[in-house]
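File shown: structure18.csv. Contents: CSV, C-alpha atoms and all ligand atoms.
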chain,number,residue,atom,x,y,z
A,933,MET,CA,94.8,117.9,107.9
A,934,ASP,CA,92.1,120.6,107.9
A,935,ALA,CA,93.0,124.2,108.8
A,936,VAL,CA,92.2,123.8,112.4
A,937,SER,CA,94.2,125.0,115.3
A,938,THR,CA,95.7,123.5,118.4
A,939,GLU,CA,94.4,125.4,121.3
A,940,MET,CA,95.1,123.0,124.1
A,941,MET,CA,97.2,120.1,125.2
A,942,ILE,CA,96.4,117.1,127.3
A,943,VAL,CA,99.2,116.2,129.7
A,944,MET,CA,99.1,112.5,130.7
A,945,GLN,CA,100.0,111.1,134.1
A,946,GLU,CA,103.6,109.8,134.3
A,947,GLY,CA,103.7,106.2,133.3
A,948,SER,CA,100.1,106.2,131.9
A,949,PRO,CA,99.7,103.2,129.5
A,950,SER,CA,99.5,103.7,125.7
A,951,GLU,CA,95.9,102.4,125.8
A,952,ASP,CA,94.9,105.6,127.7
A,953,VAL,CA,96.4,107.7,124.9
A,954,ASP,CA,94.7,105.6,122.2
A,955,ARG,CA,91.3,105.9,123.9
A,956,ILE,CA,91.7,109.7,123.8
A,957,LEU,CA,92.8,109.8,120.2
A,958,GLU,CA,89.8,107.6,119.2
A,959,ARG,CA,87.4,110.0,121.1
A,960,LEU,CA,89.0,113.0,119.4
A,961,GLU,CA,88.7,111.3,116.0
A,962,SER,CA,85.0,110.4,116.5
A,963,ALA,CA,84.3,114.0,117.4
A,964,GLY,CA,85.9,115.2,114.2
A,965,ALA,CA,89.1,116.4,115.9
A,966,SER,CA,92.5,114.8,116.2
A,967,GLY,CA,95.6,114.6,118.5
A,968,ILE,CA,99.3,114.9,117.9
A,969,VAL,CA,101.3,112.9,120.4
A,970,SER,CA,104.6,114.0,121.9
A,971,THR,CA,106.4,111.2,123.6
A,972,SER,CA,109.9,112.4,124.1
A,973,ASP,CA,109.3,113.7,127.6
A,974,VAL,CA,108.8,111.8,130.8
A,975,VAL,CA,105.1,112.4,130.4
A,976,THR,CA,103.2,112.1,127.1
A,977,VAL,CA,101.5,115.2,125.8
A,978,ILE,CA,98.7,115.3,123.2
A,979,ALA,CA,98.2,118.5,121.3
A,980,VAL,CA,94.5,118.7,120.3
A,981,MET,CA,93.7,119.8,116.8
A,982,GLY,CA,90.1,120.7,116.1
A,983,GLU,CA,87.4,123.3,116.0
A,984,ARG,CA,87.4,125.2,119.3
A,985,ASP,CA,83.7,124.6,120.1
A,986,VAL,CA,83.9,120.8,119.4
A,987,VAL,CA,87.0,120.3,121.5
A,988,ALA,CA,85.7,122.5,124.4
A,989,GLY,CA,82.7,120.2,124.7
A,990,LEU,CA,84.7,117.0,125.2
A,991,PRO,CA,85.2,115.9,128.9
A,992,LEU,CA,88.9,115.2,128.3
A,993,GLU,CA,89.9,115.7,131.9
A,994,ALA,CA,87.7,112.8,132.9
A,995,TYR,CA,89.5,110.3,130.8
A,996,PRO,CA,91.8,107.7,132.6
A,997,GLY,CA,95.5,108.6,132.6
A,998,VAL,CA,94.9,112.3,132.1
A,999,ASP,CA,96.8,114.6,134.5
A,1000,LYS,CA,95.6,117.9,133.2
A,1001,VAL,CA,94.3,119.8,130.2
A,1002,LEU,CA,96.1,123.1,129.5
A,1003,PRO,CA,95.6,125.8,127.0
A,1004,ILE,CA,98.5,126.5,124.6
A,1005,LEU,CA,98.6,130.3,124.7
A,1006,LYS,CA,101.3,130.9,122.1
A,1007,PRO,CA,100.3,131.3,118.4
A,1008,TYR,CA,102.8,128.5,117.6
A,1009,LYS,CA,101.9,125.2,119.2
A,1010,LEU,CA,103.8,122.1,118.1
A,1011,VAL,CA,107.1,123.9,118.1
A,1012,SER,CA,106.6,125.4,121.5
A,1013,ARG,CA,108.3,124.4,124.7
A,1014,ASP,CA,104.9,124.1,126.2
A,1015,PHE,CA,104.2,121.2,124.0
A,1016,ARG,CA,107.6,119.5,124.4
A,1017,ARG,CA,109.9,120.4,127.2
A,1018,SER,CA,112.9,118.4,126.2
A,1019,ASP,CA,115.2,119.5,123.4
A,1020,THR,CA,114.6,118.0,119.9
A,1021,VAL,CA,117.7,116.1,118.9
A,1022,ILE,CA,118.2,115.6,115.2
A,1023,THR,CA,120.6,112.8,114.0
A,1024,VAL,CA,121.7,112.3,110.4
A,1025,LYS,CA,124.3,109.9,109.2
A,1026,GLY,CA,125.5,109.3,112.8
A,1027,THR,CA,126.0,113.0,113.7
A,1028,SER,CA,123.6,114.9,116.0
A,1029,LEU,CA,122.4,118.4,116.6
A,1030,GLY,CA,120.6,119.6,119.7
A,1031,GLY,CA,120.5,118.4,123.3
A,1032,GLY,CA,124.2,119.0,123.9
A,1033,HIS,CA,125.3,118.0,120.4
A,1034,VAL,CA,126.8,120.9,118.4
A,1035,ALA,CA,126.9,120.7,114.6
A,1036,LEU,CA,129.6,122.5,112.5
A,1037,ILE,CA,128.1,122.8,109.1
A,1038,ALA,CA,130.7,124.0,106.6
A,1039,GLY,CA,131.2,124.3,102.9
A,1040,PRO,CA,131.0,126.7,100.0
A,1041,CYS,CA,128.1,129.1,99.3
A,1042,SER,CA,127.6,127.6,95.9
A,1043,VAL,CA,128.5,124.3,94.3
A,1044,GLU,CA,130.8,125.3,91.4
A,1045,SER,CA,132.6,122.1,90.4
A,1046,ARG,CA,133.4,118.6,91.6
A,1047,ALA,CA,137.0,119.6,92.5
A,1048,GLN,CA,135.9,122.7,94.4
A,1049,VAL,CA,133.3,120.7,96.5
A,1050,PHE,CA,135.7,117.8,97.2
A,1051,GLU,CA,138.5,120.1,98.2
A,1052,ALA,CA,136.2,122.1,100.5
A,1053,ALA,CA,134.6,118.9,102.0
A,1054,GLU,CA,137.9,117.2,102.7
A,1055,SER,CA,139.5,120.2,104.4
A,1056,ALA,CA,136.3,121.0,106.3
A,1057,LYS,CA,136.1,117.4,107.5
A,1058,ALA,CA,139.8,117.3,108.5
A,1059,SER,CA,139.2,120.5,110.6
A,1060,GLY,CA,136.3,119.0,112.5
A,1061,ALA,CA,133.2,119.9,110.4
A,1062,THR,CA,130.3,117.5,111.0
A,1063,MET,CA,128.1,118.4,108.0
A,1064,LEU,CA,128.7,119.7,104.5
A,1065,ARG,CA,126.8,122.7,103.0
A,1066,GLY,CA,126.7,123.9,99.4
A,1067,GLY,CA,124.0,125.4,97.2
A,1068,ALA,CA,122.9,123.9,93.9
A,1069,TYR,CA,120.0,126.3,93.6
A,1070,LYS,CA,121.0,129.8,94.5
A,1071,PRO,CA,118.8,132.7,95.5
A,1072,ARG,CA,120.6,135.6,93.9
A,1073,THR,CA,119.7,139.3,94.0
A,1074,SER,CA,120.7,139.7,90.4
A,1075,PRO,CA,119.1,137.4,87.7
A,1076,TYR,CA,122.5,137.7,85.9
A,1077,ALA,CA,124.5,136.3,88.7
A,1078,PHE,CA,125.5,132.6,88.9
A,1079,GLN,CA,122.2,130.7,89.7
A,1080,GLY,CA,123.7,127.3,90.7
A,1081,LEU,CA,124.4,124.0,88.9
A,1082,GLY,CA,121.0,122.4,89.7
A,1083,VAL,CA,120.8,118.6,89.7
A,1084,GLU,CA,124.5,118.3,88.7
A,1085,GLY,CA,125.4,120.2,91.8
A,1086,LEU,CA,123.2,118.0,94.0
A,1087,GLN,CA,125.0,114.9,92.5
A,1088,ILE,CA,128.4,116.4,93.3
A,1089,LEU,CA,127.3,117.0,96.9
A,1090,ALA,CA,126.0,113.5,97.2
A,1091,GLU,CA,129.4,112.1,96.0
A,1092,ALA,CA,131.3,114.3,98.4
A,1093,SER,CA,129.0,113.1,101.2
A,1094,LYS,CA,129.8,109.5,100.3
A,1095,ALA,CA,133.5,110.2,100.2
A,1096,THR,CA,133.6,112.0,103.5
A,1097,GLY,CA,130.7,110.5,105.5
A,1098,MET,CA,129.4,114.0,106.1
A,1099,PRO,CA,125.6,114.6,105.6
A,1100,VAL,CA,124.7,117.3,103.1
A,1101,VAL,CA,122.7,120.5,103.8
A,1102,THR,CA,121.4,122.1,100.6
A,1103,GLU,CA,118.8,124.7,99.7
A,1104,LEU,CA,115.4,124.1,98.1
A,1105,MET,CA,113.8,127.1,96.4
A,1106,ASP,CA,111.1,125.5,94.3
A,1107,PRO,CA,108.7,122.6,95.2
A,1108,ARG,CA,109.3,121.2,91.7
A,1109,HIS,CA,112.9,120.4,92.8
A,1110,LEU,CA,111.9,118.7,96.0
A,1111,ASP,CA,112.2,115.1,94.8
A,1112,ASP,CA,115.7,115.7,93.5
A,1113,VAL,CA,116.9,117.6,96.6
A,1114,ALA,CA,115.4,115.0,98.9
A,1115,LEU,CA,117.1,112.2,96.9
A,1116,TYR,CA,120.6,113.7,96.9
A,1117,SER,CA,120.8,115.5,100.3
A,1118,ASP,CA,120.3,114.8,104.0
A,1119,VAL,CA,119.0,118.1,105.3
A,1120,ILE,CA,116.8,120.5,103.2
A,1121,GLN,CA,117.6,124.2,103.7
A,1122,ILE,CA,114.9,126.8,103.3
A,1123,GLY,CA,116.6,130.1,102.7
A,1124,ALA,CA,115.9,133.5,104.3
A,1125,ARG,CA,114.1,134.7,101.2
A,1126,ASN,CA,111.7,131.8,101.3
A,1127,MET,CA,111.0,131.7,105.1
A,1128,GLN,CA,107.4,132.7,104.5
A,1129,ASN,CA,106.9,130.8,101.2
A,1130,PHE,CA,104.1,128.8,102.9
A,1131,GLN,CA,103.6,126.3,100.1
A,1132,LEU,CA,107.3,125.4,100.1
A,1133,LEU,CA,107.1,125.0,103.9
A,1134,SER,CA,104.1,122.7,103.7
A,1135,ALA,CA,105.9,120.7,100.9
A,1136,VAL,CA,109.0,120.1,103.1
A,1137,GLY,CA,106.7,119.3,106.0
A,1138,GLN,CA,105.6,116.2,104.1
A,1139,VAL,CA,109.0,114.6,103.4
A,1140,ASP,CA,111.2,112.5,105.7
A,1141,ARG,CA,114.2,114.9,105.8
A,1142,PRO,CA,115.2,117.4,108.5
A,1143,VAL,CA,114.7,121.0,107.4
A,1144,LEU,CA,117.1,123.9,108.2
A,1145,LEU,CA,114.9,126.9,108.2
A,1146,LYS,CA,116.6,130.3,108.0
A,1147,ARG,CA,115.2,133.4,109.5
A,1148,GLY,CA,113.9,135.9,107.0
A,1149,LEU,CA,115.8,139.2,106.5
A,1150,ALA,CA,113.0,141.1,108.1
A,1151,ALA,CA,111.2,138.4,110.1
A,1152,THR,CA,110.5,138.5,113.8
A,1153,ILE,CA,111.3,135.6,116.1
A,1154,GLU,CA,107.6,134.8,116.3
A,1155,GLU,CA,107.3,134.8,112.5
A,1156,LEU,CA,110.2,132.3,112.3
A,1157,LEU,CA,108.5,130.1,114.8
A,1158,MET,CA,105.2,130.3,112.9
A,1159,ALA,CA,107.1,129.3,109.7
A,1160,ALA,CA,108.5,126.3,111.6
A,1161,GLU,CA,105.0,125.5,112.7
A,1162,TYR,CA,103.9,125.2,109.1
A,1163,ILE,CA,106.5,122.4,108.6
A,1164,VAL,CA,105.9,120.5,111.8
A,1165,LYS,CA,102.1,120.7,111.3
A,1166,GLU,CA,102.5,118.6,108.2
A,1167,GLY,CA,104.2,115.8,110.2
A,1168,ASN,CA,107.9,116.7,109.8
A,1169,GLU,CA,109.1,117.3,113.4
A,1170,ASN,CA,112.8,117.7,112.5
A,1171,VAL,CA,113.2,121.4,112.0
A,1172,ILE,CA,116.4,123.3,112.7
A,1173,LEU,CA,116.0,127.1,113.3
A,1174,CYS,CA,118.7,129.3,111.8
A,1175,GLU,CA,119.6,132.8,112.9
A,1176,ARG,CA,121.5,134.3,109.9
A,1177,GLY,CA,121.3,138.1,110.6
A,1178,ILE,CA,118.5,140.5,110.0
A,1179,ARG,CA,118.3,143.9,108.2
A,1180,THR,CA,118.9,146.9,110.4
A,1181,PHE,CA,120.2,150.4,109.9
A,1182,GLU,CA,123.7,149.3,110.6
A,1183,THR,CA,126.0,149.2,107.6
A,1184,ALA,CA,129.2,148.0,109.1
A,1185,THR,CA,128.1,144.4,108.6
A,1186,ARG,CA,126.1,142.8,105.8
A,1187,ASN,CA,123.3,142.0,108.3
A,1188,THR,CA,123.0,142.3,112.1
A,1189,LEU,CA,123.4,139.0,113.9
A,1190,ASP,CA,120.6,139.0,116.4
A,1191,ILE,CA,122.4,137.0,119.1
A,1192,SER,CA,119.5,137.4,121.5
A,1193,ALA,CA,117.4,135.3,119.1
A,1194,VAL,CA,119.4,132.3,120.2
A,1195,PRO,CA,118.4,132.2,123.9
A,1196,ILE,CA,114.9,133.4,123.1
A,1197,LEU,CA,114.3,130.7,120.5
A,1198,LYS,CA,115.7,128.1,123.0
A,1199,GLN,CA,113.3,129.3,125.7
A,1200,ARG,CA,110.3,129.4,123.4
A,1201,SER,CA,110.9,126.3,121.4
A,1202,HIS,CA,112.3,122.7,121.7
A,1203,LEU,CA,113.8,122.9,118.2
A,1204,PRO,CA,117.6,123.1,117.8
A,1205,VAL,CA,119.0,126.5,116.9
A,1206,VAL,CA,121.9,127.1,114.5
A,1207,VAL,CA,123.7,130.4,113.8
A,1208,ASP,CA,125.1,131.4,110.4
A,1209,PRO,CA,127.8,134.0,111.2
A,1210,SER,CA,128.9,134.2,107.5
A,1211,HIS,CA,125.7,135.7,106.1
A,1212,ALA,CA,125.2,137.7,109.2
A,1213,ALA,CA,128.5,139.5,109.1
A,1214,GLY,CA,129.5,139.2,105.4
A,1215,LYS,CA,133.1,139.5,106.5
A,1216,ILE,CA,135.7,136.8,107.1
A,1217,GLU,CA,137.2,138.5,110.2
A,1218,LEU,CA,133.9,138.5,112.0
A,1219,VAL,CA,133.2,134.8,111.6
A,1220,GLU,CA,135.3,133.7,114.6
A,1221,PRO,CA,134.0,136.1,117.2
A,1222,LEU,CA,130.3,135.7,116.1
A,1223,SER,CA,130.7,131.9,116.1
A,1224,LEU,CA,132.1,131.9,119.7
A,1225,ALA,CA,129.3,134.3,120.8
A,1226,ALA,CA,126.7,131.9,119.3
A,1227,ILE,CA,128.1,129.0,121.2
A,1228,ALA,CA,128.2,131.1,124.4
A,1229,ALA,CA,124.5,132.0,123.8
A,1230,GLY,CA,123.5,128.4,123.6
A,1231,ALA,CA,123.5,127.6,119.8
A,1232,ASP,CA,123.3,124.0,118.8
A,1233,GLY,CA,125.3,124.5,115.7
A,1234,LEU,CA,127.0,126.9,113.3
A,1235,MET,CA,126.8,127.1,109.6
A,1236,ILE,CA,130.0,128.6,108.1
A,1237,GLU,CA,130.9,129.3,104.5
A,1238,MET,CA,134.4,128.2,103.4
A,1239,HIS,CA,135.9,127.8,100.0
A,1240,PRO,CA,139.3,126.4,98.7
A,1241,THR,CA,140.0,129.7,97.0
A,1242,PRO,CA,137.6,132.4,98.2
A,1243,GLU,CA,139.1,135.0,95.8
A,1244,ILE,CA,137.6,133.2,92.8
A,1245,ALA,CA,134.3,132.1,94.5
A,1246,LEU,CA,131.2,132.5,92.3
A,1247,SER,CA,129.2,133.8,95.3
A,1248,ASP,CA,129.9,135.1,98.8
A,1249,GLY,CA,133.7,135.0,98.5
A,1250,ALA,CA,134.1,138.0,100.8
A,1251,GLN,CA,132.6,136.1,103.7
A,1252,SER,CA,134.1,132.6,102.9
A,1253,LEU,CA,137.0,131.3,104.9
A,1254,ASN,CA,139.9,129.6,103.2
A,1255,PRO,CA,140.8,126.1,104.5
A,1256,LYS,CA,143.6,127.5,106.8
A,1257,GLN,CA,141.3,130.2,108.3
A,1258,PHE,CA,138.5,127.6,108.7
A,1259,ALA,CA,140.9,125.2,110.6
A,1260,LYS,CA,141.7,128.0,113.0
A,1261,VAL,CA,138.1,129.0,113.6
A,1262,ALA,CA,137.0,125.3,113.9
A,1263,ALA,CA,139.6,124.7,116.6
A,1264,ARG,CA,138.4,127.7,118.7
A,1265,ILE,CA,134.8,126.5,118.3
A,1266,GLU,CA,135.7,123.0,119.5
A,1267,GLU,CA,137.4,124.5,122.6
A,1268,PHE,CA,134.3,126.6,123.3
A,1269,VAL,CA,131.9,123.7,122.8
A,1270,ALA,CA,134.0,121.5,125.3
A,1271,TRP,CA,134.1,124.4,127.8
A,1272,PHE,CA,130.3,124.6,127.8
A,1273,GLY,CA,130.2,120.9,128.5
A,1274,LYS,CA,128.8,120.0,125.0
A,1275,GLN,CA,130.2,117.8,122.3
A,1276,MET,CA,130.8,118.2,118.5
A,1277,GLY,CA,128.3,116.2,116.5
B,1,LIG,C1,123.0,130.5,101.8
B,1,LIG,O1,123.0,129.8,102.9
B,1,LIG,O2,123.8,130.3,100.9
B,1,LIG,C2,122.0,131.6,101.7
B,1,LIG,C3,121.6,132.0,100.5
B,1,LIG,O3,121.6,132.0,102.9
B,1,LIG,P1,120.4,133.0,103.3
B,1,LIG,O4,119.1,132.4,102.8
B,1,LIG,O5,120.5,133.1,104.8
B,1,LIG,O6,120.7,134.3,102.6
B,2,MN,MN,126.0,132.4,100.7
Have the structure of the file written as C-alpha cells, please.
Ligand code: PEP
Ligand code: MN
Amino acid sequence: MDAVSTEMMIVMQEGSPSEDVDRILERLESAGASGIVSTSDVVTVIAVMGERDVVAGLPLEAYPGVDKVLPILKPYKLVSRDFRRSDTVITVKGTSLGGGHVALIAGPCSVESRAQVFEAAESAKASGATMLRGGAYKPRTSPYAFQGLGVEGLQILAEASKATGMPVVTELMDPRHLDDVALYSDVIQIGARNMQNFQLLSAVGQVDRPVLLKRGLAATIEELLMAAEYIVKEGNENVILCERGIRTFETATRNTLDISAVPILKQRSHLPVVVDPSHAAGKIELVEPLSLAAIAAGADGLMIEMHPTPEIALSDGAQSLNPKQFAKVAARIEEFVAWFGKQMG
C-alpha cells in the first residue's frame, strides 16, 4: 500500500448489504484510493485510504447504504476507537485476550535450557497461566551479557507449548529472524527498545501472528498507538498493546508503571492492553500490587516473569517470581478478575 493516509471513515447503515460496501470499495479503487473494512461492530465502517484531494472529490455520502462520512481526527486511524467501537478480542490456541477475557502470560525472561523452560511452563500452567513467555533473542544493555539461545530457544518454547497447550509469546528483534519466530511461536513480541523500529513493525504487520507491542522506555501513549498503526496498516489487526513502565526521575523502581496508560489506551483504541509489572517495577515484591492495580484499571492481561530458580537466572532474576510466589500472585489475580466480572483466558 502506498504512503497515503486515512482521513475519513464511511459509516454504513445498520444491516446494509455487502453489495453496498463492495460498490464503494470499487469506486474507491477506480479513483486510485482504497478502503479498509471493519465489520466487528453492529455497523460496518470503511476507513478510506487515499490522497486527500482525490477522496474529498468523491460523492461518498450519496452511495446506497451509507449513513454518514466522518473525519478521523486522531493521527492514528485503524487502531482508534473511532474506527472500531467494540474491543478487539485475540484468540490463540483456544485462549483469549480482550473483551472480558484476561490473559496471564508467564515464564522466564530468557530461555536458558529445556529443563528450565519446562519447569517454568508446568508450574505456571498449574497456577493458572494462560500463555507462556520466554526470550530466545534478548535485548541486553551489555553486549557481554547472555544474548539468548536463538533458534534452539524457540524450539524449546515450541516443545513446552506442545506439552502444556499454552501458546508462546517470544520477542523478535531482527526481521531476519521473522520466519523462525513465526514458525515456532504463537504471539510475536516487539520489545520496548524496538517500539519505533518501523521496518520491524511493518514486517510483523505482514505475518499472520498476533503481535505484543511493548511501550518504549521514553515513548508517549500517542507514539505507542502510532507504532501499532504501522502494524495494523500492513494488514495484521491483531496487536496487543503492553505498558511495561517508562523512564522517570524515580529511582525506587526500575521504571515507573504508568497505570493511567491503561484506561487511556482503552478509551482511545479498540486493541487489548496488557501490563508487565515485572519490567515496570524490577522487584518481586511489587509484582502483586501492580498486577492487581492493572486489573482494576481495566487491563486485558498481565505479563509476569517467573523462573524455577530466580537466584541463578541469566537475566532479570531480581524481578522474577519463583513458582511458589507466582502461585500466590496468580491466585490473587484470579480473584480480582472474577470480582471485575471478567474471566481468565
Ligand atoms: C522482556 O519482556 O523480556 C523485555 C526485554 O521487555 P522490555 O522490552 O519491556 O524491556
Ligand atoms: Mn526480562
Separation of atom CA of A:Arg984 from atom CA of A:Ala965, in Å and rounded to one decimal: 9.6 Å
Distance filter 6 Å around ligand LIG 1 (chain B), atoms: all atoms listed in the file, out as a PyMOL selection string: chain A and resi 1041+1071+1123-1125+1146+1176+1211
Report the closest atom pair, with its distance in Å rounded to one decimal, for each residue of stretch 1162-1201 of chain A that has an atom no farther than 10 Å from stretch 1227-1250 of chain A; count only C-alpha atoms, sort by chain and then rising residue number, and write it as JSON lines.
{"residue": "A:Ile1172", "atom": "CA", "partner": "A:Asp1232", "partner_atom": "CA", "distance": 9.2}
{"residue": "A:Leu1173", "atom": "CA", "partner": "A:Asp1232", "partner_atom": "CA", "distance": 9.7}
{"residue": "A:Cys1174", "atom": "CA", "partner": "A:Met1235", "partner_atom": "CA", "distance": 8.7}
{"residue": "A:Glu1175", "atom": "CA", "partner": "A:Leu1234", "partner_atom": "CA", "distance": 9.5}
{"residue": "A:Arg1176", "atom": "CA", "partner": "A:Met1235", "partner_atom": "CA", "distance": 8.9}
{"residue": "A:Ile1191", "atom": "CA", "partner": "A:Ala1229", "partner_atom": "CA", "distance": 7.2}
{"residue": "A:Ser1192", "atom": "CA", "partner": "A:Ala1229", "partner_atom": "CA", "distance": 7.7}
{"residue": "A:Ala1193", "atom": "CA", "partner": "A:Ala1229", "partner_atom": "CA", "distance": 9.1}
{"residue": "A:Val1194", "atom": "CA", "partner": "A:Ala1229", "partner_atom": "CA", "distance": 6.2}
{"residue": "A:Pro1195", "atom": "CA", "partner": "A:Ala1229", "partner_atom": "CA", "distance": 6.1}
{"residue": "A:Ile1196", "atom": "CA", "partner": "A:Ala1229", "partner_atom": "CA", "distance": 9.7}
{"residue": "A:Leu1197", "atom": "CA", "partner": "A:Ala1231", "partner_atom": "CA", "distance": 9.7}
{"residue": "A:Lys1198", "atom": "CA", "partner": "A:Gly1230", "partner_atom": "CA", "distance": 7.8}
Point-to-point distance from atom CA of A:Asp1208 to atom CA of A:Ala1038, Å rounded to tenths: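 Result for atom CA of A:Asp1208 versus atom CA of A:Ala1038: 10.0 Å, one decimal.
Closest approach to ligand MN 2 (chain B) from the set A:Asp1106, A:Asp1111, A:Tyr1116, A:Gly1080 is made by A:Gly1080, with distances taken over all atoms listed in the file.
Counting from atom CA of A:Glu958, the distance to atom CA of A:Leu990 is 12.3 Å.
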Contact residues around A:His1109 with all atoms listed in the file at 12 Å, ignoring same-chain residues under 4 positions, as a PyMOL selection string: chain A and resi 1068-1069+1082-1083+1086+1102-1105+1113-1117+1120+1132+1135-1136
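Of the residues listed (A:Gly1060, A:Gly1032, A:Pro1142, A:Gly1148), A:Gly1060 shows the shortest atom-to-atom separation from A:Arg1264; distances use all atoms listed in the file.
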Counting all atoms listed in the file, the option among A:His1202, A:Lys1070, A:Lys1274, A:Arg1108 closest to ligand MN 2 (chain B):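 Result for the nearest residue to ligand MN 2 (chain B): A:Lys1070.
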Exercise: A:Gly967 partners within 10 Å, all atoms listed in the file, chain neighbours under 6 positions left out, as a list in words: Thr938, Met941, Ile942, Val953, Asp954, Ile956, Leu957, Glu958, Arg959, Leu960, Glu961, Val977, Ile978, Ala979, Val980, Met981 and Gly982 of chain A
Option closest in space to ligand MN 2 (chain B), from A:Ala1058, A:Ile1163, A:Val987, A:Leu1253 [counting all atoms listed in the file]: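 Looking at the shortest contact to ligand MN 2 (chain B), the residue is A:Leu1253.
When only C-alpha atoms and all ligand atoms are used to measure the gap to ligand MN 2 (chain B), the shortest distance among A:Thr1096, A:Ser1042, A:Gln1087, A:Asn1170 belongs to A:Ser1042.
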Nearest candidate to ligand MN 2 (chain B) (options A:Arg955, A:Arg1186, A:Lys1256, A:Lys1000; using only C-alpha atoms and all ligand atoms): A:Arg1186
Save N, CA and C atoms of stretch 1046-1058 of chain A from the block above as a PDB file, in the first residue's frame.
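As a result, part.pdb now contains:
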ATOM      1  N   ARG A1046      16.173 -26.470  28.298  1.00  0.00           N
ATOM      2  CA  ARG A1046      14.906 -27.190  28.155  1.00  0.00           C
ATOM      3  C   ARG A1046      14.294 -27.427  29.534  1.00  0.00           C
ATOM      4  N   ALA A1047      15.121 -27.859  30.470  1.00  0.00           N
ATOM      5  CA  ALA A1047      14.612 -28.171  31.811  1.00  0.00           C
ATOM      6  C   ALA A1047      14.033 -26.923  32.473  1.00  0.00           C
ATOM      7  N   GLN A1048      14.749 -25.812  32.346  1.00  0.00           N
ATOM      8  CA  GLN A1048      14.276 -24.557  32.958  1.00  0.00           C
ATOM      9  C   GLN A1048      12.924 -24.142  32.387  1.00  0.00           C
ATOM     10  N   VAL A1049      12.783 -24.204  31.066  1.00  0.00           N
ATOM     11  CA  VAL A1049      11.524 -23.766  30.434  1.00  0.00           C
ATOM     12  C   VAL A1049      10.386 -24.721  30.796  1.00  0.00           C
ATOM     13  N   PHE A1050      10.663 -26.028  30.768  1.00  0.00           N
ATOM     14  CA  PHE A1050       9.597 -26.985  31.102  1.00  0.00           C
ATOM     15  C   PHE A1050       9.148 -26.818  32.550  1.00  0.00           C
ATOM     16  N   GLU A1051      10.099 -26.625  33.446  1.00  0.00           N
ATOM     17  CA  GLU A1051       9.734 -26.453  34.859  1.00  0.00           C
ATOM     18  C   GLU A1051       8.891 -25.185  35.036  1.00  0.00           C
ATOM     19  N   ALA A1052       9.329 -24.107  34.388  1.00  0.00           N
ATOM     20  CA  ALA A1052       8.591 -22.839  34.479  1.00  0.00           C
ATOM     21  C   ALA A1052       7.197 -23.006  33.876  1.00  0.00           C
ATOM     22  N   ALA A1053       7.137 -23.614  32.698  1.00  0.00           N
ATOM     23  CA  ALA A1053       5.854 -23.740  31.982  1.00  0.00           C
ATOM     24  C   ALA A1053       4.874 -24.590  32.775  1.00  0.00           C
ATOM     25  N   GLU A1054       5.348 -25.710  33.310  1.00  0.00           N
ATOM     26  CA  GLU A1054       4.436 -26.600  34.020  1.00  0.00           C
ATOM     27  C   GLU A1054       3.914 -25.961  35.301  1.00  0.00           C
ATOM     28  N   SER A1055       4.796 -25.282  36.045  1.00  0.00           N
ATOM     29  CA  SER A1055       4.298 -24.660  37.277  1.00  0.00           C
ATOM     30  C   SER A1055       3.430 -23.445  36.972  1.00  0.00           C
ATOM     31  N   ALA A1056       3.763 -22.701  35.907  1.00  0.00           N
ATOM     32  CA  ALA A1056       2.923 -21.545  35.527  1.00  0.00           C
ATOM     33  C   ALA A1056       1.529 -22.029  35.161  1.00  0.00           C
ATOM     34  N   LYS A1057       1.488 -23.075  34.377  1.00  0.00           N
ATOM     35  CA  LYS A1057       0.200 -23.617  33.927  1.00  0.00           C
ATOM     36  C   LYS A1057      -0.619 -24.106  35.130  1.00  0.00           C
ATOM     37  N   ALA A1058       0.036 -24.824  36.030  1.00  0.00           N
ATOM     38  CA  ALA A1058      -0.666 -25.354  37.210  1.00  0.00           C
ATOM     39  C   ALA A1058      -1.232 -24.227  38.075  1.00  0.00           C
TER      40      ALA A1058
END
